[in-house]
Amino acid sequence: MDSQKKIINDYENTNKKKKKEKETFNSIIKKVEKENLINKKKNYFKELGNFIEQKLKLDEQKFNLLELILLVVVSFIFGIFISEAFIYNNVKSDKFESNEVLSEIEKVYNTILDEYYQDIDQKKLKEAAVNGMLSYLNDGYSVYFDEETSEQFNEQVDGEYYGIGLEMSVGGDGYPYISKIFDNSPASDADLKINDKIIKVENQDIKNYSLTEISSLIKGQENKSVNITILRDERNLEKKLVTRKIDIPSVESKIIENNDKKIGYISISIFALNTDEQFKTKLLQLEESSIDSLIIDVRNNVGGHLSTVTNILNLFFTKDEILYQIDRKGKIEKTYGTSTDDRNYKVIVLTNSNSASGSEILASAFKEVKNSDIIGTKTFGKGTVQKLIELENGSMLKITSETWLTSNGNTINKVGVEPTVEIELSDDYKIKPIEENDNQLKKAIEILSN
């Protein structure tokens with residue numbers, strides 16, 4: 001009888017404890033919802049974090065309800081929100097009041113851990129649960145990134161990282177060779193050259209290492225000393241480098257002279273966070289050389305930060321001109337230009353089927369507002385917007401949240417932006433990709449020269 005009474009008492013005490021925890025958690029959440037998030041969120045989430053940390057210590061092996069709520073609630077408020085045309089936003093939701101669904105997910109998760117006859121990798125099981133929910137959306141743009149993929153993704157869209165400033169490719173013998181060296185980088189300062197083969201890092205043979213594994217050895221933090229051994233002309237050379245911030249170039253420019261005309265050319269490979277500054281610098285350099293017109297090449301550019309696209313368009317569009325429109329569940333918000341500069345020269349945009357999202361925003365704005373020629377082929381047709389949510393463990397969730405429309409309110413999703421001058425890239429260029437074989441670029445030059 002005493003043992004039964006003890007079990008009953010323990011059960012009641014546990015329920016009281018859980019009830020108290022739930023009340024504490026809910027009271028904190030209500031505070032966050034009621035108060036100004038910008039000014040008050042740090043104190044409340046510190047309080048929430050302390051509470052959850054104490055709770056998690058009770059059972060570190062179980063995927064408990066509070067972990068799941070933390071993943072959703074904290075991430076939605078503190079996360080960086082971006083899309084393929086990346087945007088930032090604050091999110092406040094009232095959909096977390098009922099925990100019945102989350103409780104069921106928790107129960108299934110813990111049951112699998114306790115009862116399944118084979119060992120379970122908890123991390124992979126968690127990721128499978130997240131991916132399962134995302135697959136239900138039937139939306140290829142709503143995805144989950146693990147920590148490693150998140151780091152690589154952030155480097156690309158931020159346009160910077162800490163490293164030595166080179167790109168590598170894997171050779172047939174299992175060793176990487178240098179395929180690109182960035183200007184003004186530790187790699188260029190150390191006189192590394194394209195096609196140098198890297199055979200050791202910190203005296204460690206890296207044969208058959210993946211590029212990700214090699215990258216983790218030579219980048220990631222500032223002022224890190226890196227010793228590498230390269231093979232050049234059958235000789236081993238020792239190089240010592242120190243990492244620093246590397247700006248990934250995403251903009252290239254040149255002047256094309258034809259028929260007594262100076263045509264500026266700028267290509268944009270991605271709309272990273274620093275691409276707008278790179279673009280502005282290149283544009284001003286071209287304008288100092290007195291260009292008569294401009295070609296903007298966004299072929300194979302799949303998108304990036306919406307703020308970056310906006311800043312580039314703001315160099316050309318005034319406050320009376322609409323850049324694009326955002327549709328948030330039927331509520332339309334128009335974004336206008338801000339330029340006060342007088343850039344009245346003609347602009348042509350080059351596109352292809354891989355020009356997506358931010359590239360389509362740029363192309364459609366020039367087409368509909370400036371009556372610019374769009375030369376090439378129809379664009380990809382991505383008119384949805386994703387928010388990227390950074391999670392506590394370094395992983396990320398990218399989820400479709402809204403759609404965007406062109407300046408005139410047209411949808412391009414699964415439709416694309418039609419060129420005004422449609423021309424397929426020549427087979428000669430596909431075989432030998434040099435400027436002389438680029439018939440799309442040649443057409444733009446022909447139009448601007450006349």
# chains A, B, ... in the order shown; residues from 1 in each chain; ligands from 1
$ residues_around --residues "range 364-372 of chain A" --least-positions-apart "2" --cutoff "10 Å" --atoms "only C-alpha atoms" --output "PyMOL selection string"
chain A and resi 313+316-317+321-324+344+346-349+358-362+374-375+405-408+410+412+416-420
$ residues_around --residues "Glu147 in chain A" --least-positions-apart "5" --cutoff "12 Å" --atoms "only C-alpha atoms" --output "MDAnalysis selection string"
chainID A and resid 123 127 152:154 390:397
$ write_last_selection --atoms "all heavy atoms" --output "mmCIF file, in the first residue's frame"
data_model
loop_
_atom_site.group_PDB
_atom_site.id
_atom_site.type_symbol
_atom_site.label_atom_id
_atom_site.label_comp_id
_atom_site.auth_asym_id
_atom_site.auth_seq_id
_atom_site.Cartn_x
_atom_site.Cartn_y
_atom_site.Cartn_z
ATOM 1 N N LYS A 123 19.327 13.134 -33.844
ATOM 2 C CA LYS A 123 19.441 14.303 -34.707
ATOM 3 C C LYS A 123 18.759 14.046 -36.041
ATOM 4 O O LYS A 123 17.997 14.887 -36.548
ATOM 5 C CB LYS A 123 20.908 14.656 -34.920
ATOM 6 C CG LYS A 123 21.127 15.874 -35.817
ATOM 7 C CD LYS A 123 22.608 16.165 -35.999
ATOM 8 C CE LYS A 123 22.805 17.353 -36.930
ATOM 9 N NZ LYS A 123 24.259 17.632 -37.156
ATOM 10 N N GLU A 127 15.442 15.824 -37.738
ATOM 11 C CA GLU A 127 15.453 16.409 -39.071
ATOM 12 C C GLU A 127 14.392 15.765 -39.968
ATOM 13 O O GLU A 127 13.766 16.440 -40.785
ATOM 14 C CB GLU A 127 16.848 16.258 -39.687
ATOM 15 C CG GLU A 127 17.906 17.115 -38.997
ATOM 16 C CD GLU A 127 19.298 16.915 -39.572
ATOM 17 O OE1 GLU A 127 19.444 16.071 -40.484
ATOM 18 O OE2 GLU A 127 20.234 17.589 -39.112
ATOM 19 N N GLN A 152 27.330 27.157 -45.352
ATOM 20 C CA GLN A 152 27.660 27.364 -46.761
ATOM 21 C C GLN A 152 26.670 28.332 -47.416
ATOM 22 O O GLN A 152 27.066 29.211 -48.193
ATOM 23 C CB GLN A 152 27.644 26.021 -47.496
ATOM 24 C CG GLN A 152 28.709 25.049 -47.019
ATOM 25 C CD GLN A 152 28.511 23.650 -47.579
ATOM 26 O OE1 GLN A 152 27.512 23.368 -48.233
ATOM 27 N NE2 GLN A 152 29.466 22.767 -47.323
ATOM 28 N N PHE A 153 25.403 28.185 -47.094
ATOM 29 C CA PHE A 153 24.367 29.058 -47.650
ATOM 30 C C PHE A 153 24.598 30.497 -47.219
ATOM 31 O O PHE A 153 24.514 31.433 -48.028
ATOM 32 C CB PHE A 153 23.002 28.559 -47.188
ATOM 33 C CG PHE A 153 21.850 29.360 -47.723
ATOM 34 C CD1 PHE A 153 21.331 29.124 -48.984
ATOM 35 C CD2 PHE A 153 21.268 30.363 -46.948
ATOM 36 C CE1 PHE A 153 20.265 29.859 -49.474
ATOM 37 C CE2 PHE A 153 20.203 31.103 -47.425
ATOM 38 C CZ PHE A 153 19.699 30.844 -48.695
ATOM 39 N N ASN A 154 24.898 30.699 -45.934
ATOM 40 C CA ASN A 154 25.111 32.052 -45.425
ATOM 41 C C ASN A 154 26.308 32.723 -46.079
ATOM 42 O O ASN A 154 26.285 33.928 -46.357
ATOM 43 C CB ASN A 154 25.282 32.023 -43.906
ATOM 44 C CG ASN A 154 23.961 31.905 -43.180
ATOM 45 O OD1 ASN A 154 22.935 32.355 -43.666
ATOM 46 N ND2 ASN A 154 23.975 31.279 -42.019
ATOM 47 N N GLU A 390 16.733 31.395 -38.671
ATOM 48 C CA GLU A 390 17.897 30.793 -38.044
ATOM 49 C C GLU A 390 17.479 30.155 -36.730
ATOM 50 O O GLU A 390 16.899 30.813 -35.864
ATOM 51 C CB GLU A 390 18.987 31.838 -37.818
ATOM 52 C CG GLU A 390 19.629 32.317 -39.112
ATOM 53 C CD GLU A 390 20.870 33.139 -38.867
ATOM 54 O OE1 GLU A 390 21.079 33.570 -37.706
ATOM 55 O OE2 GLU A 390 21.631 33.358 -39.816
ATOM 56 N N LEU A 391 17.795 28.874 -36.573
ATOM 57 C CA LEU A 391 17.438 28.132 -35.375
ATOM 58 C C LEU A 391 18.596 28.118 -34.384
ATOM 59 O O LEU A 391 19.730 28.463 -34.717
ATOM 60 C CB LEU A 391 17.008 26.711 -35.754
ATOM 61 C CG LEU A 391 15.910 26.651 -36.834
ATOM 62 C CD1 LEU A 391 15.572 25.209 -37.170
ATOM 63 C CD2 LEU A 391 14.670 27.402 -36.398
ATOM 64 N N GLU A 392 18.288 27.690 -33.167
ATOM 65 C CA GLU A 392 19.245 27.796 -32.077
ATOM 66 C C GLU A 392 20.525 27.008 -32.310
ATOM 67 O O GLU A 392 21.599 27.426 -31.902
ATOM 68 C CB GLU A 392 18.586 27.318 -30.777
ATOM 69 C CG GLU A 392 17.541 28.282 -30.229
ATOM 70 C CD GLU A 392 18.169 29.576 -29.751
ATOM 71 O OE1 GLU A 392 18.985 29.531 -28.823
ATOM 72 O OE2 GLU A 392 17.858 30.625 -30.328
ATOM 73 N N ASN A 393 20.437 25.863 -32.965
ATOM 74 C CA ASN A 393 21.615 25.005 -33.121
ATOM 75 C C ASN A 393 22.424 25.316 -34.370
ATOM 76 O O ASN A 393 23.321 24.562 -34.739
ATOM 77 C CB ASN A 393 21.188 23.529 -33.135
ATOM 78 C CG ASN A 393 20.315 23.191 -34.331
ATOM 79 O OD1 ASN A 393 19.881 24.092 -35.060
ATOM 80 N ND2 ASN A 393 20.044 21.922 -34.532
ATOM 81 N N GLY A 394 22.107 26.408 -35.056
ATOM 82 C CA GLY A 394 22.840 26.776 -36.254
ATOM 83 C C GLY A 394 22.186 26.314 -37.533
ATOM 84 O O GLY A 394 22.621 26.689 -38.625
ATOM 85 N N SER A 395 21.151 25.496 -37.430
ATOM 86 C CA SER A 395 20.423 25.075 -38.623
ATOM 87 C C SER A 395 19.428 26.170 -39.018
ATOM 88 O O SER A 395 19.245 27.150 -38.292
ATOM 89 C CB SER A 395 19.693 23.757 -38.372
ATOM 90 O OG SER A 395 18.789 23.882 -37.297
ATOM 91 N N MET A 396 18.777 25.995 -40.167
ATOM 92 C CA MET A 396 17.878 27.032 -40.654
ATOM 93 C C MET A 396 16.646 26.407 -41.301
ATOM 94 O O MET A 396 16.693 25.295 -41.817
ATOM 95 C CB MET A 396 18.583 27.931 -41.674
ATOM 96 C CG MET A 396 19.731 28.733 -41.112
ATOM 97 S SD MET A 396 20.345 29.984 -42.283
ATOM 98 C CE MET A 396 20.913 28.951 -43.629
ATOM 99 N N LEU A 397 15.580 27.174 -41.279
ATOM 100 C CA LEU A 397 14.331 26.790 -41.928
ATOM 101 C C LEU A 397 13.984 27.866 -42.942
ATOM 102 O O LEU A 397 13.919 29.047 -42.607
ATOM 103 C CB LEU A 397 13.217 26.668 -40.882
ATOM 104 C CG LEU A 397 11.849 26.222 -41.391
ATOM 105 C CD1 LEU A 397 11.906 24.773 -41.854
ATOM 106 C CD2 LEU A 397 10.808 26.383 -40.286
#
$ atom_distance --atom1 "CA of Tyr144 in chain A" --atom2 "CA of Gly165 in chain A"
28.4 Å
$ closest_atom_pairs --of "range 153-202 of chain A" --to "range 231-236 of chain A" --cutoff "7 Å" --atoms "only C-alpha atoms" --output "CSV"
residue,atom,partner,partner_atom,distance
A:Asp196,CA,A:Arg232,CA,5.6
A:Lys197,CA,A:Leu231,CA,5.0
A:Ile198,CA,A:Leu231,CA,6.4
A:Ile199,CA,A:Leu231,CA,6.8
$ select_by_dssp --residues "range 286-393 of chain A" --states "helix (DSSP H, G or I)" --output "list in words"
Leu286, Glu287, Glu288, Leu306, Ser307, Thr308, Val309, Thr310, Asn311, Ile312, Leu313, Gly358, Ser359, Glu360, Ile361, Leu362, Ala363, Ser364, Ala365, Phe366, Lys367, Glu368 and Val369 of chain A
$ atom_distance --atom1 "CA of Asp428 in chain A" --atom2 "CA of Gly376 in chain A"
15.5 Å
$ closest_atom_pairs --of "range 120-175 of chain A" --to "range 269-293 of chain A" --cutoff "6 Å" --atoms "only C-alpha atoms" --output "tab-separated table"
residue	atom	partner	partner_atom	distance
A:Val157	CA	A:Ala272	CA	4.4
A:Asp158	CA	A:Leu273	CA	4.9
A:Gly159	CA	A:Ala272	CA	5.1
$ write_last_selection --atoms "N, CA, C and O atoms" --output "JSON list (two decimals), in the first residue's frame"
[["chain", "number", "residue", "atom", "x", "y", "z"],
["A", 157, "VAL", "N", 25.14, 33.97, -49.58],
["A", 157, "VAL", "CA", 24.23, 35.10, -49.63],
["A", 157, "VAL", "C", 24.74, 36.31, -48.86],
["A", 157, "VAL", "O", 24.30, 37.43, -49.10],
["A", 158, "ASP", "N", 25.67, 36.11, -47.92],
["A", 158, "ASP", "CA", 26.28, 37.25, -47.23],
["A", 158, "ASP", "C", 27.36, 37.89, -48.07],
["A", 158, "ASP", "O", 27.68, 39.06, -47.93],
["A", 159, "GLY", "N", 27.99, 37.06, -48.93],
["A", 159, "GLY", "CA", 29.02, 37.59, -49.81],
["A", 159, "GLY", "C", 30.36, 37.79, -49.13],
["A", 159, "GLY", "O", 31.23, 38.49, -49.66]]
$ closest_residue --among "A:Tyr117, A:Phe380, A:Tyr209, A:Tyr162" --to "Pro186 in chain A" --atoms "only C-alpha atoms"
A:Tyr162
$ select_by_dssp --residues "range 164-248 of chain A" --states "strand (DSSP E)" --output "ChimeraX atom specification"
/A:166-170,176-181,197-201,204-205,225-232,235-242,244-247
$ atom_distance --atom1 "CA of Gly132 in chain A" --atom2 "CA of Glu213 in chain A"
28.6 Å
$ residues_around --residues "Lys261 in chain A" --least-positions-apart "2" --cutoff "7 Å" --atoms "only C-alpha atoms" --output "list in words"
Glu257, Asn258, Asn259, Ile263, Asp292 and Ser449 of chain A
$ closest_residue --among "A:Thr243, A:Asn314, A:Ser188, A:Asn203" --to "Ile218 in chain A" --atoms "only C-alpha atoms"
A:Thr243
$ closest_residue --among "A:Leu448, A:Leu441, A:Leu134, A:Leu425" --to "Ile266 in chain A" --atoms "only C-alpha atoms"
A:Leu441
$ closest_residue --among "A:Ser355, A:Ser339, A:Thr318, A:Ser142" --to "Lys387 in chain A" --atoms "only C-alpha atoms"
A:Ser142
$ closest_residue --among "A:Gln221, A:Thr229, A:Thr403, A:Asn138" --to "Asp205 in chain A" --atoms "only C-alpha atoms"
A:Thr229
